[in-house]
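Trainee: Below is one structure. I have some questions about it.
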Amino acid sequence: MSPRTPSGPPGRAGARHGWIQALVTVLAGLVAMGAVAALGLWAAGATGLPDNAFPRVVTATVVTAVGGTLEVAGDAGGFADTDAGLTVLPLSVTLAGALVIARGFLRPLRHRAVAGAPELAGWAGRIAVLWLLALLGLAFAARQTFEVSLGEGVLNDLGDLFGVTPTVGFTTDVPLTVLFGLLWLAGVFVLALLVSRGAPLPGRLLRLQTSVRPAAYAMVALLLAYVVVGVVVGLVVAGTRGHPADTFAVLLLGLPNLAWLALTIGLGATWDGRVEGPFGLPMPHVLDEVLRGPDVSTLNVGTLAEHDGRMWWLVAVAAVLLLAAGALLASRSPDRMPAWLHAVHMAVALALTVLMIGLVGRLSAHYGLSVLGIGDLGGGLAGQLFLRPRLWSAVGLALAWGFVAGFLGASLARWAGRRGGRTPARSR
């Protein structure tokens with residue numbers, strides 16, 4: 001490890017980690033998430049929502065992006081019944097906020113070799129306090145109610161007869177929003193410290209620099225590589241197939257949802273899902289074809305390839321990017337680490353990554369309305385959408401892929417080092 005000296009005495013270092021910098025970090029993260037959410041919702045046409053609801057919908061999107069919980073409820077009076085629910089994480093918004101806050105968290109810590117646990121806790125605590133206040137403000141602002149049209153036909157006639165004006169709206173579960181929002185922030189801090197070479201660790205955790213940091217860095221690079229590939233594909237689609245607004249809405253709200261779904265499918269994972277009714281989300285046409293059916297559909301590379309043979313490329317892309325991630329892990333690890341140990345680190349890291357994707361990538365939404373039993377919460381005004389992974393089989397596949405990719409990546413890194421007349425770089 002190359003020696004580095006702390007920038008000044010501990011007192012000066014602690015003074016630098018002040019409340020102003022913490023406030024700037026929190027505000028920058030919120031601005032980034034709000035901008036991405038607003039642009040995505042604008043592209044999706046949400047500016048036309050009634051009652052000037054657009055700002056509150058943007059706020060609700062930011063809340064869900066950090067793990068907050070929205071409660072969706074309807075009211076149609078004594079002669080009708082409604083049922084609604086929504087669970088989704090807009091990962092484009094999540095990723096934007098995580099990158100900005102992680103950079104703000106690490107910036108005062110750069111050029112340091114070691115940082116004491118109390119110092120790190122104090123700096124993280126300042127950000128967390130301000131983040132807590134921001135979460136409370138967002139949670140209380142993210143609430144709105146909309147009227148729902150009954151359309152034409154019998155339901156509309158019954159609504160006029162009985163004076164039924166159905167509404168649907170959302171509010172925020174404040175305690176859960178605060179809890180999950182703080183856990184999200186803690187996760188950002190931990191990942192930032194694990195991934196960054198320049199971030200100091202307490203002395204007792206320095207061993208993580210050789211065992212955990214290379215694998216964490218490789219997995220973050222893999223996920224970001226999939227996002228970059230998704231951006232390129234999305235721009236091509238927007239420029240060649242029309243409906244660019246819909247494509248940009250997907251890119252700005254749910255690109256990682258689709259890109260990381262593609263990663264798991266490329267590994268051979270299977271998801272179960274269904275799209276029913278008029279409330280399907282904007283998504284690639286082939287996904288809608290597979291998921292829209294009378295029963296629960298199976299989503300994997302085989303079922304996708306039945307509708308579009310190019311889906312087999314997902315396997316090839318996964319193989320290439322995993323091999324690159326394995327080589328990257330080896331290049332940042334100690335020189336004499338055996339290839340089988342690289343493989344184990346890669347396997348565990350990829351399994352944890354796929355587990356995370358399975359937990360944050362699932363989604364569900366439903367809405368139904370009936371008047372005097374007509375509609376039965378499943379007629380023309382009803383819709384249902386859900387997508388969930390077969391989680392443990394996906395994790396098992398990730399272990400196998402990770403082990404092979406880690407072993408081959410270590411061999412590739414060593415071959416490249418020999419060809420270049422040098423050995424792989426030591427962990428710093």
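Chain labels follow the order of the structure tokens: the first chain is A, the next B, and so on; residue numbering restarts at 1 in every chain, and ligands are counted from 1 in their shown order.
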Please identify all polymer residues within 8 Å of region 63-68 of chain A, counting only C-alpha atoms, omitting same-chain residues fewer than 3 positions from it, and present them as a list in words.
Mentor: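 In the requested format, the answer is Thr59, Ala60, Val88, Leu89, Pro90, Leu91, Val93, Thr94, Leu135, Leu138, Ala139, Ala142, Thr172, Asp173, Leu176, Thr177, Val178, Phe180, Gly181 and Trp184 of chain A.
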Trainee: Which polymer residues have any atom within 7 Å of an atom of region 248-259 of chain A, counting only C-alpha atoms, with same-chain residues fewer than 4 positions away left out, as an MDAnalysis selection string?
Mentor: chainID A and resid 36:37 39:41 43:44 90:93 226:227 230:231 234 244 263 282 361
Trainee: For the selection you just gave me, I'd like the residues written to a file as a tab-separated table (two decimals), in the first residue's frame, keeping all heavy atoms.
Mentor:
chain	number	residue	atom	x	y	z
A	36	VAL	N	-34.05	14.42	-12.55
A	36	VAL	CA	-34.25	13.21	-13.35
A	36	VAL	C	-35.72	12.79	-13.31
A	36	VAL	O	-36.31	12.43	-14.34
A	36	VAL	CB	-33.34	12.08	-12.84
A	36	VAL	CG1	-33.67	10.76	-13.53
A	36	VAL	CG2	-31.88	12.44	-13.08
A	37	ALA	N	-36.33	12.84	-12.12
A	37	ALA	CA	-37.74	12.46	-12.00
A	37	ALA	C	-38.63	13.41	-12.79
A	37	ALA	O	-39.56	12.97	-13.49
A	37	ALA	CB	-38.15	12.46	-10.52
A	39	LEU	N	-37.89	15.33	-15.42
A	39	LEU	CA	-37.73	15.15	-16.86
A	39	LEU	C	-38.39	13.86	-17.34
A	39	LEU	O	-39.03	13.82	-18.40
A	39	LEU	CB	-36.24	15.15	-17.21
A	39	LEU	CG	-35.52	16.50	-17.10
A	39	LEU	CD1	-34.02	16.33	-17.27
A	39	LEU	CD2	-36.07	17.49	-18.13
A	40	GLY	N	-38.24	12.79	-16.55
A	40	GLY	CA	-38.87	11.54	-16.94
A	40	GLY	C	-40.39	11.62	-16.93
A	40	GLY	O	-41.05	11.14	-17.85
A	41	LEU	N	-40.95	12.23	-15.90
A	41	LEU	CA	-42.40	12.37	-15.84
A	41	LEU	C	-42.91	13.33	-16.90
A	41	LEU	O	-44.01	13.14	-17.44
A	41	LEU	CB	-42.80	12.86	-14.44
A	41	LEU	CG	-42.60	11.82	-13.32
A	41	LEU	CD1	-42.73	12.48	-11.96
A	41	LEU	CD2	-43.60	10.67	-13.46
A	43	ALA	N	-41.55	13.68	-19.88
A	43	ALA	CA	-41.55	12.89	-21.11
A	43	ALA	C	-42.72	11.91	-21.15
A	43	ALA	O	-43.23	11.58	-22.22
A	43	ALA	CB	-40.23	12.13	-21.24
A	44	ALA	N	-43.15	11.45	-19.97
A	44	ALA	CA	-44.28	10.52	-19.89
A	44	ALA	C	-45.62	11.23	-19.97
A	44	ALA	O	-46.66	10.56	-19.96
A	44	ALA	CB	-44.20	9.71	-18.60
A	90	PRO	N	-38.17	3.56	-9.01
A	90	PRO	CA	-37.63	4.16	-10.24
A	90	PRO	C	-36.11	4.28	-10.14
A	90	PRO	O	-35.57	5.27	-9.66
A	90	PRO	CB	-38.31	5.53	-10.29
A	90	PRO	CG	-38.60	5.86	-8.86
A	90	PRO	CD	-38.86	4.55	-8.17
A	91	LEU	N	-35.41	3.28	-10.63
A	91	LEU	CA	-33.99	3.15	-10.33
A	91	LEU	C	-33.12	4.19	-11.05
A	91	LEU	O	-31.98	4.41	-10.64
A	91	LEU	CB	-33.52	1.74	-10.66
A	91	LEU	CG	-34.03	0.65	-9.71
A	91	LEU	CD1	-33.56	-0.72	-10.16
A	91	LEU	CD2	-33.55	0.92	-8.28
A	92	SER	N	-33.61	4.80	-12.12
A	92	SER	CA	-32.83	5.90	-12.71
A	92	SER	C	-32.70	7.04	-11.72
A	92	SER	O	-31.62	7.64	-11.57
A	92	SER	CB	-33.50	6.39	-14.00
A	92	SER	OG	-33.45	5.42	-15.01
A	93	VAL	N	-33.79	7.36	-11.04
A	93	VAL	CA	-33.77	8.42	-10.03
A	93	VAL	C	-32.90	7.99	-8.85
A	93	VAL	O	-32.11	8.77	-8.32
A	93	VAL	CB	-35.20	8.73	-9.58
A	93	VAL	CG1	-35.23	9.87	-8.56
A	93	VAL	CG2	-36.08	9.09	-10.78
A	226	TYR	N	-23.83	-1.90	-17.73
A	226	TYR	CA	-25.15	-2.26	-18.26
A	226	TYR	C	-26.02	-1.02	-18.46
A	226	TYR	O	-26.78	-0.94	-19.44
A	226	TYR	CB	-25.85	-3.26	-17.33
A	226	TYR	CG	-25.71	-4.68	-17.80
A	226	TYR	CD1	-24.64	-5.45	-17.40
A	226	TYR	CD2	-26.64	-5.25	-18.66
A	226	TYR	CE1	-24.49	-6.77	-17.83
A	226	TYR	CE2	-26.51	-6.56	-19.10
A	226	TYR	CZ	-25.43	-7.31	-18.69
A	226	TYR	OH	-25.29	-8.60	-19.14
A	227	VAL	N	-25.90	-0.05	-17.57
A	227	VAL	CA	-26.67	1.19	-17.74
A	227	VAL	C	-26.20	1.94	-18.98
A	227	VAL	O	-27.01	2.45	-19.76
A	227	VAL	CB	-26.55	2.07	-16.48
A	227	VAL	CG1	-27.15	3.45	-16.73
A	227	VAL	CG2	-27.24	1.40	-15.30
A	230	GLY	N	-27.52	0.29	-21.94
A	230	GLY	CA	-28.94	0.60	-22.05
A	230	GLY	C	-29.19	1.99	-22.60
A	230	GLY	O	-30.13	2.20	-23.39
A	231	VAL	N	-28.36	2.95	-22.21
A	231	VAL	CA	-28.50	4.31	-22.75
A	231	VAL	C	-28.28	4.31	-24.26
A	231	VAL	O	-29.05	4.92	-25.03
A	231	VAL	CB	-27.51	5.27	-22.06
A	231	VAL	CG1	-27.45	6.61	-22.80
A	231	VAL	CG2	-27.91	5.50	-20.62
A	234	GLY	N	-31.21	2.68	-25.94
A	234	GLY	CA	-32.37	3.56	-25.86
A	234	GLY	C	-32.29	4.71	-26.84
A	234	GLY	O	-33.29	5.08	-27.47
A	244	PRO	N	-40.18	9.02	-29.41
A	244	PRO	CA	-39.00	9.28	-28.57
A	244	PRO	C	-39.35	9.68	-27.15
A	244	PRO	O	-38.58	9.39	-26.22
A	244	PRO	CB	-38.28	10.42	-29.31
A	244	PRO	CG	-39.34	11.07	-30.14
A	244	PRO	CD	-40.28	9.97	-30.53
A	263	LEU	N	-29.47	-8.14	-17.34
A	263	LEU	CA	-28.33	-8.85	-16.78
A	263	LEU	C	-28.76	-10.20	-16.21
A	263	LEU	O	-28.16	-11.24	-16.50
A	263	LEU	CB	-27.66	-8.00	-15.71
A	263	LEU	CG	-26.65	-8.69	-14.78
A	263	LEU	CD1	-25.50	-9.29	-15.58
A	263	LEU	CD2	-26.13	-7.74	-13.73
A	282	PRO	N	-44.87	1.86	-19.73
A	282	PRO	CA	-44.07	1.87	-20.95
A	282	PRO	C	-42.88	0.94	-20.80
A	282	PRO	O	-42.14	1.01	-19.84
A	282	PRO	CB	-43.63	3.34	-21.06
A	282	PRO	CG	-43.76	3.89	-19.69
A	282	PRO	CD	-44.89	3.16	-19.05
A	361	GLY	N	-35.74	-4.76	-8.03
A	361	GLY	CA	-36.28	-4.70	-9.38
A	361	GLY	C	-37.70	-5.21	-9.52
A	361	GLY	O	-38.31	-5.04	-10.58
Trainee: Do a neighbour search on Trp19 (chain A) at 9 Å with only C-alpha atoms, toss out local chain neighbours closer than 3 positions, and write the hits as a ChimeraX atom specification.
Mentor: /A:22-24,123,126-127,130
Trainee: Mind writing the picked residues with N, CA and C atoms as a PDB file, in the first residue's frame?
Mentor:
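This is the output file result-v8.pdb:
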ATOM      1  N   ALA A  22     -22.220  19.210   4.386  1.00  0.00           N
ATOM      2  CA  ALA A  22     -23.270  18.186   4.481  1.00  0.00           C
ATOM      3  C   ALA A  22     -24.556  18.671   3.814  1.00  0.00           C
ATOM      4  N   LEU A  23     -24.886  19.946   4.035  1.00  0.00           N
ATOM      5  CA  LEU A  23     -26.094  20.507   3.419  1.00  0.00           C
ATOM      6  C   LEU A  23     -25.964  20.522   1.904  1.00  0.00           C
ATOM      7  N   VAL A  24     -24.790  20.909   1.403  1.00  0.00           N
ATOM      8  CA  VAL A  24     -24.576  20.914  -0.040  1.00  0.00           C
ATOM      9  C   VAL A  24     -24.722  19.505  -0.609  1.00  0.00           C
ATOM     10  N   TRP A 123     -19.062  12.577  10.335  1.00  0.00           N
ATOM     11  CA  TRP A 123     -19.331  13.138   9.006  1.00  0.00           C
ATOM     12  C   TRP A 123     -20.597  12.532   8.410  1.00  0.00           C
ATOM     13  N   ARG A 126     -23.776  13.944  10.205  1.00  0.00           N
ATOM     14  CA  ARG A 126     -24.234  15.264   9.791  1.00  0.00           C
ATOM     15  C   ARG A 126     -25.125  15.163   8.546  1.00  0.00           C
ATOM     16  N   ILE A 127     -24.635  14.381   7.580  1.00  0.00           N
ATOM     17  CA  ILE A 127     -25.441  14.198   6.369  1.00  0.00           C
ATOM     18  C   ILE A 127     -26.757  13.510   6.697  1.00  0.00           C
ATOM     19  N   LEU A 130     -29.458  15.895   8.220  1.00  0.00           N
ATOM     20  CA  LEU A 130     -30.075  16.753   7.206  1.00  0.00           C
ATOM     21  C   LEU A 130     -30.922  15.924   6.236  1.00  0.00           C
TER      22      LEU A 130
END
Trainee: Name all residues at most 9 Å from Arg362 (chain A) (count only C-alpha atoms; drop same-chain ones fewer than 2 positions away) and give them as a list of chain:residue names.
Mentor: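 Residues near the query, excluding close chain neighbours: A:Thr87, A:Val88, A:Leu89, A:Asn257, A:Ile357, A:Gly358, A:Leu359, A:Val360, A:Ser364, A:Phe386, A:Leu387, A:Arg388, A:Pro389.
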Trainee: I need the chosen residues saved as an mmCIF file, in the first residue's frame, with C-alpha atoms.
Mentor:
data_model
loop_
_atom_site.group_PDB
_atom_site.id
_atom_site.type_symbol
_atom_site.label_atom_id
_atom_site.label_comp_id
_atom_site.auth_asym_id
_atom_site.auth_seq_id
_atom_site.Cartn_x
_atom_site.Cartn_y
_atom_site.Cartn_z
ATOM 1 C CA THR A 87 -44.872 -0.879 -5.480
ATOM 2 C CA VAL A 88 -42.071 0.228 -7.780
ATOM 3 C CA LEU A 89 -38.583 1.681 -7.451
ATOM 4 C CA ASN A 257 -34.772 -1.554 -13.926
ATOM 5 C CA ILE A 357 -31.447 -6.700 -8.268
ATOM 6 C CA GLY A 358 -34.138 -9.219 -7.426
ATOM 7 C CA LEU A 359 -35.175 -7.275 -4.339
ATOM 8 C CA VAL A 360 -35.206 -3.770 -5.842
ATOM 9 C CA SER A 364 -46.495 -4.430 -8.803
ATOM 10 C CA PHE A 386 -46.441 -7.284 -11.576
ATOM 11 C CA LEU A 387 -42.969 -8.673 -12.096
ATOM 12 C CA ARG A 388 -41.040 -10.741 -9.565
ATOM 13 C CA PRO A 389 -37.975 -13.005 -9.825
#
Trainee: Just list the residues in region 143-318 of chain A DSSP gives strand (DSSP E or B) on the backbone, as a count of residues only.
Mentor: 21
Trainee: Find the residues around Ala38 (chain A) up to 6 Å (only C-alpha atoms counted), leave out those fewer than 4 positions away in its own chain, and share them as a compact mmCIF listing (two decimals) with N, CA and C atoms, in the first residue's frame.
Mentor:
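File written: around_2.txt
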# COMPACT_ATOMS: atom_id res chain seq x y z
N GLY A 34 -34.58 15.02 -8.20
CA GLY A 34 -35.75 15.76 -8.64
C GLY A 34 -35.70 16.09 -10.11
N TRP A 42 -42.13 14.36 -17.20
CA TRP A 42 -42.51 15.27 -18.30
C TRP A 42 -42.56 14.52 -19.62
N VAL A 58 -43.77 14.40 -8.76
CA VAL A 58 -42.31 14.36 -8.79
C VAL A 58 -41.78 14.04 -7.39
Trainee: Please build the interface table for region 294-367 of chain A against region 265-277 of chain A with a cut-off of 10 Å, listing for each qualifying residue the nearest atom pair and the distance in Å to one decimal; count only C-alpha atoms, order rows by chain and increasing number, and write it as a tab-separated table.
Mentor:
residue	atom	partner	partner_atom	distance
A:Pro294	CA	A:Glu276	CA	7.8
A:Asp295	CA	A:Arg274	CA	7.1
A:Val296	CA	A:Arg274	CA	5.3
A:Ser297	CA	A:Gly273	CA	5.4
A:Thr298	CA	A:Asp272	CA	4.9
A:Leu299	CA	A:Trp271	CA	5.0
A:Asn300	CA	A:Thr270	CA	4.8
A:Val301	CA	A:Ile265	CA	5.8
A:Gly302	CA	A:Gly268	CA	8.9
A:Thr303	CA	A:Thr270	CA	9.7
A:Leu304	CA	A:Ile265	CA	9.6
A:Met311	CA	A:Gly266	CA	8.8
A:Trp312	CA	A:Gly266	CA	7.9
A:Trp313	CA	A:Gly266	CA	8.1
A:Leu314	CA	A:Gly266	CA	4.7
A:Val315	CA	A:Gly266	CA	4.2
A:Ala316	CA	A:Gly266	CA	7.6
A:Val317	CA	A:Gly266	CA	7.5
A:Ala318	CA	A:Gly266	CA	5.5
A:Ala319	CA	A:Gly266	CA	8.2
A:Leu322	CA	A:Leu267	CA	9.9
A:Val354	CA	A:Ala269	CA	9.5
A:Gly358	CA	A:Trp271	CA	9.2
A:Arg362	CA	A:Trp271	CA	9.1
A:Leu363	CA	A:Gly273	CA	9.2
A:Ser364	CA	A:Gly273	CA	9.1
A:Ala365	CA	A:Val275	CA	9.5
A:His366	CA	A:Glu276	CA	9.1
A:Tyr367	CA	A:Gly277	CA	9.5
Trainee: Using N, CA and C atoms, can you write the selected residues to a file as a JSON list (two decimals), in the first residue's frame?
Mentor:
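Produced file result.json, reproduced below:
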[["chain", "number", "residue", "atom", "x", "y", "z"],
["A", 294, "PRO", "N", -53.52, -14.08, -20.40],
["A", 294, "PRO", "CA", -54.57, -14.39, -19.44],
["A", 294, "PRO", "C", -54.06, -14.92, -18.11],
["A", 295, "ASP", "N", -52.86, -15.47, -18.11],
["A", 295, "ASP", "CA", -52.30, -16.06, -16.89],
["A", 295, "ASP", "C", -50.93, -15.46, -16.61],
["A", 296, "VAL", "N", -50.35, -15.88, -15.49],
["A", 296, "VAL", "CA", -49.01, -15.44, -15.14],
["A", 296, "VAL", "C", -48.03, -15.97, -16.19],
["A", 297, "SER", "N", -47.17, -15.09, -16.69],
["A", 297, "SER", "CA", -46.23, -15.45, -17.75],
["A", 297, "SER", "C", -44.84, -15.68, -17.18],
["A", 298, "THR", "N", -44.07, -16.51, -17.87],
["A", 298, "THR", "CA", -42.68, -16.77, -17.52],
["A", 298, "THR", "C", -41.79, -15.92, -18.41],
["A", 299, "LEU", "N", -40.91, -15.16, -17.78],
["A", 299, "LEU", "CA", -40.02, -14.27, -18.52],
["A", 299, "LEU", "C", -38.58, -14.75, -18.36],
["A", 300, "ASN", "N", -38.00, -15.23, -19.43],
["A", 300, "ASN", "CA", -36.59, -15.61, -19.44],
["A", 300, "ASN", "C", -36.09, -15.48, -20.87],
["A", 301, "VAL", "N", -34.83, -15.82, -21.09],
["A", 301, "VAL", "CA", -34.28, -15.59, -22.42],
["A", 301, "VAL", "C", -34.98, -16.46, -23.46],
["A", 302, "GLY", "N", -35.47, -17.63, -23.08],
["A", 302, "GLY", "CA", -36.17, -18.49, -24.02],
["A", 302, "GLY", "C", -37.50, -17.91, -24.46],
["A", 303, "THR", "N", -38.31, -17.46, -23.50],
["A", 303, "THR", "CA", -39.62, -16.90, -23.87],
["A", 303, "THR", "C", -39.47, -15.60, -24.63],
["A", 304, "LEU", "N", -38.45, -14.81, -24.30],
["A", 304, "LEU", "CA", -38.21, -13.58, -25.06],
["A", 304, "LEU", "C", -37.78, -13.90, -26.49],
["A", 311, "MET", "N", -32.89, -11.68, -28.73],
["A", 311, "MET", "CA", -32.75, -11.72, -27.27],
["A", 311, "MET", "C", -31.65, -12.67, -26.81],
["A", 312, "TRP", "N", -31.22, -13.60, -27.68],
["A", 312, "TRP", "CA", -30.11, -14.46, -27.30],
["A", 312, "TRP", "C", -28.82, -13.67, -27.11],
["A", 313, "TRP", "N", -28.76, -12.48, -27.68],
["A", 313, "TRP", "CA", -27.59, -11.63, -27.47],
["A", 313, "TRP", "C", -27.41, -11.25, -26.01],
["A", 314, "LEU", "N", -28.48, -11.32, -25.22],
["A", 314, "LEU", "CA", -28.36, -11.02, -23.80],
["A", 314, "LEU", "C", -27.36, -11.96, -23.12],
["A", 315, "VAL", "N", -27.31, -13.20, -23.55],
["A", 315, "VAL", "CA", -26.36, -14.16, -22.98],
["A", 315, "VAL", "C", -24.94, -13.78, -23.36],
["A", 316, "ALA", "N", -24.74, -13.41, -24.63],
["A", 316, "ALA", "CA", -23.40, -13.03, -25.09],
["A", 316, "ALA", "C", -22.91, -11.77, -24.38],
["A", 317, "VAL", "N", -23.79, -10.78, -24.24],
["A", 317, "VAL", "CA", -23.41, -9.54, -23.56],
["A", 317, "VAL", "C", -23.04, -9.83, -22.10],
["A", 318, "ALA", "N", -23.83, -10.68, -21.44],
["A", 318, "ALA", "CA", -23.53, -11.03, -20.05],
["A", 318, "ALA", "C", -22.17, -11.71, -19.95],
["A", 319, "ALA", "N", -21.87, -12.61, -20.86],
["A", 319, "ALA", "CA", -20.60, -13.32, -20.81],
["A", 319, "ALA", "C", -19.42, -12.36, -20.98],
["A", 322, "LEU", "N", -19.19, -9.90, -17.91],
["A", 322, "LEU", "CA", -18.75, -10.60, -16.70],
["A", 322, "LEU", "C", -17.26, -10.95, -16.77],
["A", 354, "VAL", "N", -26.98, -9.95, -7.76],
["A", 354, "VAL", "CA", -28.24, -10.46, -8.32],
["A", 354, "VAL", "C", -29.33, -10.48, -7.26],
["A", 358, "GLY", "N", -32.85, -8.56, -7.62],
["A", 358, "GLY", "CA", -34.14, -9.22, -7.43],
["A", 358, "GLY", "C", -35.02, -8.53, -6.40],
["A", 362, "ARG", "N", -38.25, -5.81, -8.48],
["A", 362, "ARG", "CA", -39.63, -6.30, -8.58],
["A", 362, "ARG", "C", -40.59, -5.12, -8.57],
["A", 363, "LEU", "N", -41.76, -5.29, -9.17],
["A", 363, "LEU", "CA", -42.75, -4.22, -9.18],
["A", 363, "LEU", "C", -44.14, -4.81, -9.22],
["A", 364, "SER", "N", -45.09, -4.03, -8.74],
["A", 364, "SER", "CA", -46.50, -4.43, -8.80],
["A", 364, "SER", "C", -47.36, -3.18, -8.78],
["A", 365, "ALA", "N", -48.45, -3.23, -9.53],
["A", 365, "ALA", "CA", -49.42, -2.13, -9.55],
["A", 365, "ALA", "C", -50.77, -2.71, -9.92],
["A", 366, "HIS", "N", -51.81, -2.24, -9.26],
["A", 366, "HIS", "CA", -53.15, -2.68, -9.61],
["A", 366, "HIS", "C", -54.15, -1.59, -9.26],
["A", 367, "TYR", "N", -55.27, -1.57, -10.02],
["A", 367, "TYR", "CA", -56.36, -0.65, -9.73],
["A", 367, "TYR", "C", -57.65, -1.28, -10.21]]
